[in-house]
Amino acid sequence: MAPKKRCQLQAETPCNSAVLRIVGQCPHCRVEFCGAHRLPEHHKCNKLEDCRQQAFERNKAKLESERTVASKMATA
């Protein structure tokens, strides 16, 4: 039987916890982590800022495409 994969957190004190099978891989940096370090904020993901910028650009484009323009009211 193969040994368990361990958390790949790069810190002063390495984490020795087992990797989560389904949600343990970071979608941004593709590194495997335990339950405590699986979120990008918890393992200081180096691609987190790029992800935030892409989400910002997508939301900005969506909001601009849905912008409504008030029709001018005719003065009587």
# chains A, B, ... in the order shown; residues from 1 in each chain; ligands from 1
call {"tool": "residues_around", "arguments": {"residues": "Cys15 (chain A)", "least_positions_apart": "2", "cutoff": "10 Å", "atoms": "only C-alpha atoms", "output": "NGL selection string"}}
result
:A and (6-13 or 17-18 or 33-34 or 36-37)
call {"tool": "atom_distance", "arguments": {"atom1": "CA of Cys29 (chain A)", "atom2": "CA of Leu48 (chain A)"}}
result
8.5 Å
call {"tool": "residues_around", "arguments": {"residues": "Arg30 (chain A)", "least_positions_apart": "6", "cutoff": "12 Å", "atoms": "only C-alpha atoms", "output": "list in words"}}
result
Gln8, Val23, Gly24, Arg38, Leu39, Pro40, Cys45, Asn46, Lys47 and Leu48 of chain A
call {"tool": "atom_distance", "arguments": {"atom1": "CA of His42 (chain A)", "atom2": "CA of Ile22 (chain A)"}}
result
17.6 Å
call {"tool": "closest_residue", "arguments": {"among": "A:Leu20, A:Leu63, A:His28, A:Thr68", "to": "Asp50 (chain A)", "atoms": "only C-alpha atoms"}}
result
A:His28
call {"tool": "closest_residue", "arguments": {"among": "A:Phe56, A:Lys5, A:Glu49, A:Pro14", "to": "Glu32 (chain A)", "atoms": "only C-alpha atoms"}}
result
A:Lys5
call {"tool": "atom_distance", "arguments": {"atom1": "CA of Val19 (chain A)", "atom2": "CA of Gln53 (chain A)"}}
result
28.2 Å
call {"tool": "closest_residue", "arguments": {"among": "A:Arg67, A:Asn16, A:Pro3, A:Cys51", "to": "Gly35 (chain A)", "atoms": "only C-alpha atoms"}}
result
A:Asn16
call {"tool": "select_by_dssp", "arguments": {"residues": "chain A", "states": "strand (DSSP E or B)", "output": "PyMOL selection string"}}
result
chain A and resi 6+18+25+32
